[in-house]
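Just below is one structure, and these are the notes that go with it.
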Amino acid sequence: MTALQAPPAAPELLAHCAGLVRPALRQAVGRLHPWLGEMAAYSFGWCEVGGAPATAPGGKGVRQALAVLGARAAGADEHAGIPAAVAVELVHAFSLLHDDIMDGDATRRRRPAVWKAYGTGPAVLAGDALFALAVETLAAVPQGAGAVRLLSAALADLMRGQADDLLFTGRPCTGPDRVTVEEYRSMVEAKTGALLGCAAALGAVLGGADEDTTSVLDRAGRHLGIAFQLVDDVLGIWGDPAVTGKPTGGDLRERKKTYPVLAALDSPAGRALPELLDSPGRSEEAAELIEAAGGRTAALAEARTHTSTARALLSRAPLAAGAAGDLLTVLDFLAGREL
């Protein structure tokens with residue numbers, strides 16, 4: 001009698017999906033203008049400036065994995081989700097190129113950001129090229145019209161979320177015009193959750209799923225996106241730089257209004273926080289006050305709530321058994337990156 005095989009761990013799932021998608025992703029990038037293609041390849045960690053091959057660390061490959069698993073969840077072969085995976089990975093790369101410019105972030109994955117390596121104008125152009133390539137990739141599949149509509153809706157949400165994120169930086173920490181945790185949650189769902197939900201839903205669409213299944217995967221992905229960002233907010237203040245690739249307290253020095261900060265500001269114990277956030281060199285004190293005021297606990301509790309909601313949605317949906325389990329494995333892995 002054959003022993004039951006243990007389900008793959010999340011890193012193995014992500015690596016498997018990345019290996020499945022990588023040839024198609026490289027082929028798509030190869031269709032770009034050579035200069036734009038080099039910048040795209042640099043952003044993915046495939047080359048150095050000038051085009052010399054490299055093996056720099058890439059992203060986690062979350063979105064492409066969700067697209068592949070979305071196709072499997074619809075009962076289709078995992079290869080059916082590859083065009084969706086390529087499209088969402090291209091859109092994610094496009095958003096990162098533009099985000100780094102807007103936020104002034106000089107590094108990405110321990111290397112100079114594309115705009116620092118090639119210039120701001122070229123980086124904007126490369127991002128635009130990746131966006132156009134994503135649409136072209138989906139338009140070429142038999143279900144292209146519906147797939148492009150789904151991607152377009154997610155992109156509209158992403159842009160709305162990015163706009164709110166930028167506007168939040170100019171709003172005060174206290175008073176009637178302050179950013180609320182409810183506004184922040186809505187912004188994160190649009191900026192981060194929309195593309196994660198779209199990834200799983202797009203894979204399902206290409207796998208032949210019905211509208212109800214597609215909708216469930218989209219909603220689950222959005223809740224996962226909120227949980228993912230909230231954990232990132234915690235890591236942005238208290239994370240280990242050796243793991244995150246970012247300096248400890250970087251979000252505080254940049255005065256980002258992340259969930260732990262907003263939750264602490266809503267607490268009477270956080271009254272002194274605005275002064276600390278406005279004082280260069282006092283990020284360690286600010287982090288201690290945020291934790292004492294309950295900001296860290298509130299963020300992780302909120303993340304767990306959205307993880308539980310995503311789990312419940314996936315557990316009740318009529319998904320192919322093996323793929324449903326793999327989706328839950330990835331969900332728990334991403335939302336469980338606590339300190």
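Each chain of the structure tokens is named A, B, ... in the order shown, its residues numbered from 1; ligands are numbered from 1 in display order.
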Within 8 Å of Leu36 of chain A, counting only C-alpha atoms, which residues show up once you throw out same-chain ones fewer than 5 positions away? Write them as a PyMOL selection string, please. chain A and resi 122+125-126+129
Residues at most 9 Å from Trp115 of chain A, counting only C-alpha atoms, excluding those fewer than 6 positions away in the same chain, as a list in words? Leu97, His98, Asp100, Ile101, Ala106, Gly121, Pro122, Ala123 and Val124 of chain A
Could you please take those selected residues and save N, CA and C atoms as a PDB file, in the first residue's frame?
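Just written: selection-v4.pdb:
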ATOM      1  N   LEU A  97       7.880  49.447 -10.076  1.00  0.00           N
ATOM      2  CA  LEU A  97       8.732  50.446 -10.725  1.00  0.00           C
ATOM      3  C   LEU A  97       8.210  51.848 -10.445  1.00  0.00           C
ATOM      4  N   HIS A  98       6.903  52.027 -10.588  1.00  0.00           N
ATOM      5  CA  HIS A  98       6.320  53.347 -10.381  1.00  0.00           C
ATOM      6  C   HIS A  98       6.249  53.695  -8.889  1.00  0.00           C
ATOM      7  N   ASP A 100       8.334  52.855  -6.508  1.00  0.00           N
ATOM      8  CA  ASP A 100       9.659  53.269  -6.033  1.00  0.00           C
ATOM      9  C   ASP A 100       9.947  54.720  -6.398  1.00  0.00           C
ATOM     10  N   ILE A 101       9.490  55.127  -7.572  1.00  0.00           N
ATOM     11  CA  ILE A 101       9.687  56.523  -7.980  1.00  0.00           C
ATOM     12  C   ILE A 101       8.851  57.450  -7.110  1.00  0.00           C
ATOM     13  N   ALA A 106      15.143  54.199  -2.962  1.00  0.00           N
ATOM     14  CA  ALA A 106      16.325  54.044  -3.813  1.00  0.00           C
ATOM     15  C   ALA A 106      16.746  52.596  -4.003  1.00  0.00           C
ATOM     16  N   GLY A 121      13.007  58.788 -15.967  1.00  0.00           N
ATOM     17  CA  GLY A 121      12.252  58.686 -17.218  1.00  0.00           C
ATOM     18  C   GLY A 121      12.262  57.280 -17.792  1.00  0.00           C
ATOM     19  N   PRO A 122      13.431  56.670 -17.930  1.00  0.00           N
ATOM     20  CA  PRO A 122      13.470  55.298 -18.438  1.00  0.00           C
ATOM     21  C   PRO A 122      12.663  54.318 -17.579  1.00  0.00           C
ATOM     22  N   ALA A 123      12.703  54.483 -16.253  1.00  0.00           N
ATOM     23  CA  ALA A 123      11.965  53.570 -15.372  1.00  0.00           C
ATOM     24  C   ALA A 123      10.460  53.714 -15.566  1.00  0.00           C
ATOM     25  N   VAL A 124       9.992  54.948 -15.737  1.00  0.00           N
ATOM     26  CA  VAL A 124       8.562  55.168 -16.019  1.00  0.00           C
ATOM     27  C   VAL A 124       8.176  54.481 -17.326  1.00  0.00           C
TER      28      VAL A 124
END
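For the pair atom CA of Leu289 of chain A and atom CA of Arg255 of chain A, the separation is 14.5 Å.
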Could you pull the residues within 10 Å of Ala335 of chain A, counting only C-alpha atoms, minus those fewer than 5 positions along the same chain, as a short mmCIF file (atom, residue, chain, number, x, y, z; two decimals) with N, CA and C atoms, in the first residue's frame?
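The new file part_29.cif reads:
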data_model
loop_
_atom_site.label_atom_id
_atom_site.label_comp_id
_atom_site.auth_asym_id
_atom_site.auth_seq_id
_atom_site.Cartn_x
_atom_site.Cartn_y
_atom_site.Cartn_z
N LEU A 224 -6.79 38.36 1.77
CA LEU A 224 -5.39 37.97 1.93
C LEU A 224 -4.48 39.16 1.74
N GLY A 225 -4.78 40.02 0.75
CA GLY A 225 -3.96 41.20 0.50
C GLY A 225 -3.92 42.15 1.68
N ILE A 226 -5.07 42.32 2.35
CA ILE A 226 -5.11 43.18 3.53
C ILE A 226 -4.24 42.58 4.64
N ALA A 227 -4.42 41.27 4.88
CA ALA A 227 -3.61 40.61 5.92
C ALA A 227 -2.13 40.70 5.60
N PHE A 228 -1.78 40.47 4.34
CA PHE A 228 -0.39 40.52 3.88
C PHE A 228 0.22 41.89 4.18
N GLN A 229 -0.54 42.97 3.85
CA GLN A 229 -0.01 44.32 4.05
C GLN A 229 0.10 44.66 5.54
N LEU A 230 -0.85 44.21 6.34
CA LEU A 230 -0.79 44.50 7.77
C LEU A 230 0.44 43.85 8.42
N VAL A 231 0.73 42.61 8.00
CA VAL A 231 1.94 41.97 8.52
C VAL A 231 3.18 42.72 8.03
N ASP A 232 3.15 43.17 6.78
CA ASP A 232 4.25 43.98 6.26
C ASP A 232 4.42 45.27 7.07
N LEU A 300 -1.77 42.93 14.08
CA LEU A 300 -1.71 41.48 13.92
C LEU A 300 -3.08 40.85 14.14
N ALA A 303 -4.96 41.45 10.98
CA ALA A 303 -4.46 40.53 9.95
C ALA A 303 -5.07 39.14 10.11
N ARG A 304 -5.15 38.68 11.35
CA ARG A 304 -5.73 37.36 11.61
C ARG A 304 -7.21 37.32 11.23
N HIS A 306 -8.68 38.99 8.80
CA HIS A 306 -8.81 38.90 7.34
C HIS A 306 -8.33 37.54 6.83
N THR A 307 -7.35 36.98 7.49
CA THR A 307 -6.92 35.62 7.12
C THR A 307 -8.05 34.63 7.36
N VAL A 330 -0.75 28.48 1.07
CA VAL A 330 -0.11 29.75 0.70
C VAL A 330 -0.66 30.89 1.55
#
From a DSSP calculation on the backbone, collect every residue of segment 83-257 of chain A in helix (DSSP H, G or I) and output the set as a PyMOL selection string. chain A and resi 83-103+114-118+120-139+144-168+181-206+211-238+241-244+250-253
Quick one: everything within 12 Å of Arg31 of chain A, counting only C-alpha atoms, minus sequence neighbours fewer than 2 positions away in the same chain. Send it as a VMD selection string. chain A and resid 24 to 29 33 to 38 40 to 41 129 to 130 132 to 134 136 to 137
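Candidate residues A:Ala54, A:Ala324, A:Leu66, A:Leu167 were compared for distance to Asp218 of chain A, and the nearest is A:Leu66, using only C-alpha atoms.
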Can you list, as an NGL selection string, every protein, DNA or RNA residue that comes within 12 Å of segment 205-216 of chain A when you count only C-alpha atoms, leaving out same-chain residues fewer than 5 positions away? :A and (67-85 or 138-151 or 197-200 or 221-223 or 309-320 or 324)
One number please: atom CA of Glu183 of chain A to atom CA of Ala156 of chain A, in Å, one decimal.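 Atom-to-atom, atom CA of Glu183 of chain A and atom CA of Ala156 of chain A are spaced 17.4 Å apart.
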According to DSSP computed on the backbone, where in segment 88-301 of chain A is there strand (DSSP E)? Give the residues as a PyMOL selection string. chain A and resi 107-108+111-112
Dump N, CA, C and O atoms for the selected residues as a compact mmCIF listing (two decimals), in the first residue's frame?
# COMPACT_ATOMS: atom_id res chain seq x y z
N THR A 107 16.24 51.69 -3.16
CA THR A 107 16.63 50.28 -3.29
C THR A 107 15.39 49.40 -3.37
O THR A 107 14.33 49.74 -2.85
N ARG A 108 15.57 48.27 -4.02
CA ARG A 108 14.52 47.26 -4.13
C ARG A 108 15.21 45.91 -4.11
O ARG A 108 16.06 45.63 -4.95
N ARG A 111 19.09 45.90 -4.08
CA ARG A 111 19.80 46.46 -5.24
C ARG A 111 19.23 47.84 -5.52
O ARG A 111 18.12 48.16 -5.09
N PRO A 112 19.98 48.68 -6.27
CA PRO A 112 19.39 49.97 -6.65
C PRO A 112 18.07 49.75 -7.40
O PRO A 112 17.96 48.85 -8.24
Test item: residues at most 10 Å from Thr169 of chain A, only C-alpha atoms, excluding those fewer than 5 positions along its chain, as a PDB file with C-alpha atoms, in the first residue's frame:
ATOM      1  CA  ASP A 164      -5.221  57.501  -1.477  1.00  0.00           C
ATOM      2  CA  VAL A 179      -6.417  59.170   8.454  1.00  0.00           C
ATOM      3  CA  GLU A 254       9.569  58.065   6.529  1.00  0.00           C
ATOM      4  CA  ARG A 255       6.536  58.952   8.700  1.00  0.00           C
ATOM      5  CA  LYS A 256       4.315  56.414   6.930  1.00  0.00           C
ATOM      6  CA  LYS A 257       0.803  56.181   8.322  1.00  0.00           C
TER       7      LYS A 257
END
Write out as a PyMOL selection string the residues lying within 10 Å of Gln162 of chain A, counting only C-alpha atoms and excluding same-chain residues fewer than 2 positions away. chain A and resi 95+99+102+156-160+164-168+187-188+190-192
Print the selection's residues with N, CA, C and O atoms to a file, as a short mmCIF file (atom, residue, chain, number, x, y, z; two decimals), in the first residue's frame.
data_model
loop_
_atom_site.label_atom_id
_atom_site.label_comp_id
_atom_site.auth_asym_id
_atom_site.auth_seq_id
_atom_site.Cartn_x
_atom_site.Cartn_y
_atom_site.Cartn_z
N SER A 95 3.86 48.10 -11.21
CA SER A 95 3.48 48.90 -10.05
C SER A 95 4.67 49.19 -9.14
O SER A 95 4.78 50.28 -8.57
N ASP A 99 5.96 52.71 -8.04
CA ASP A 99 5.91 52.96 -6.59
C ASP A 99 7.24 53.47 -6.07
O ASP A 99 7.29 54.41 -5.26
N MET A 102 7.57 57.11 -6.93
CA MET A 102 6.67 57.97 -6.16
C MET A 102 7.10 58.07 -4.70
O MET A 102 6.98 59.14 -4.08
N ALA A 156 -7.92 49.59 -11.92
CA ALA A 156 -8.61 50.80 -11.47
C ALA A 156 -8.59 50.90 -9.95
O ALA A 156 -8.36 51.97 -9.38
N ASP A 157 -8.81 49.76 -9.28
CA ASP A 157 -8.73 49.74 -7.81
C ASP A 157 -7.31 50.06 -7.34
O ASP A 157 -7.12 50.81 -6.39
N LEU A 158 -6.33 49.44 -7.99
CA LEU A 158 -4.93 49.65 -7.61
C LEU A 158 -4.57 51.13 -7.69
O LEU A 158 -3.93 51.68 -6.78
N MET A 159 -4.98 51.80 -8.79
CA MET A 159 -4.66 53.22 -8.94
C MET A 159 -5.37 54.07 -7.90
O MET A 159 -4.82 55.04 -7.38
N ARG A 160 -6.63 53.69 -7.59
CA ARG A 160 -7.35 54.44 -6.56
C ARG A 160 -6.65 54.29 -5.20
O ARG A 160 -6.51 55.25 -4.45
N ASP A 164 -4.93 57.27 -2.90
CA ASP A 164 -5.22 57.50 -1.48
C ASP A 164 -3.95 57.42 -0.63
O ASP A 164 -3.74 58.23 0.27
N ASP A 165 -3.09 56.45 -0.93
CA ASP A 165 -1.86 56.28 -0.18
C ASP A 165 -1.00 57.54 -0.26
O ASP A 165 -0.44 58.00 0.75
N LEU A 166 -0.90 58.11 -1.45
CA LEU A 166 -0.12 59.33 -1.61
C LEU A 166 -0.77 60.51 -0.88
O LEU A 166 -0.08 61.33 -0.26
N LEU A 167 -2.10 60.60 -0.94
CA LEU A 167 -2.79 61.69 -0.27
C LEU A 167 -2.69 61.58 1.25
O LEU A 167 -2.66 62.59 1.95
N PHE A 168 -2.61 60.36 1.76
CA PHE A 168 -2.52 60.18 3.21
C PHE A 168 -1.27 60.84 3.79
O PHE A 168 -1.27 61.27 4.95
N MET A 187 -7.93 51.55 1.64
CA MET A 187 -6.82 51.84 0.73
C MET A 187 -6.01 50.59 0.46
O MET A 187 -5.65 50.28 -0.69
N VAL A 188 -5.72 49.80 1.50
CA VAL A 188 -4.91 48.60 1.34
C VAL A 188 -5.64 47.55 0.51
O VAL A 188 -5.02 46.87 -0.31
N ALA A 190 -7.59 48.09 -1.91
CA ALA A 190 -7.47 48.50 -3.31
C ALA A 190 -6.04 48.37 -3.82
O ALA A 190 -5.79 47.79 -4.87
N LYS A 191 -5.09 48.87 -3.04
CA LYS A 191 -3.70 48.93 -3.52
C LYS A 191 -3.03 47.56 -3.55
O LYS A 191 -2.27 47.25 -4.47
N THR A 192 -3.28 46.74 -2.53
CA THR A 192 -2.61 45.44 -2.42
C THR A 192 -3.57 44.28 -2.71
O THR A 192 -3.24 43.35 -3.42
#
Quick one: of A:Ala113, A:Leu14, A:Val49, A:Leu334, who's nearest to Ala65 of chain A, counting only C-alpha atoms?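 Checking each of A:Ala113, A:Leu14, A:Val49, A:Leu334 against Ala65 of chain A, counting only C-alpha atoms, the winner is A:Leu14.
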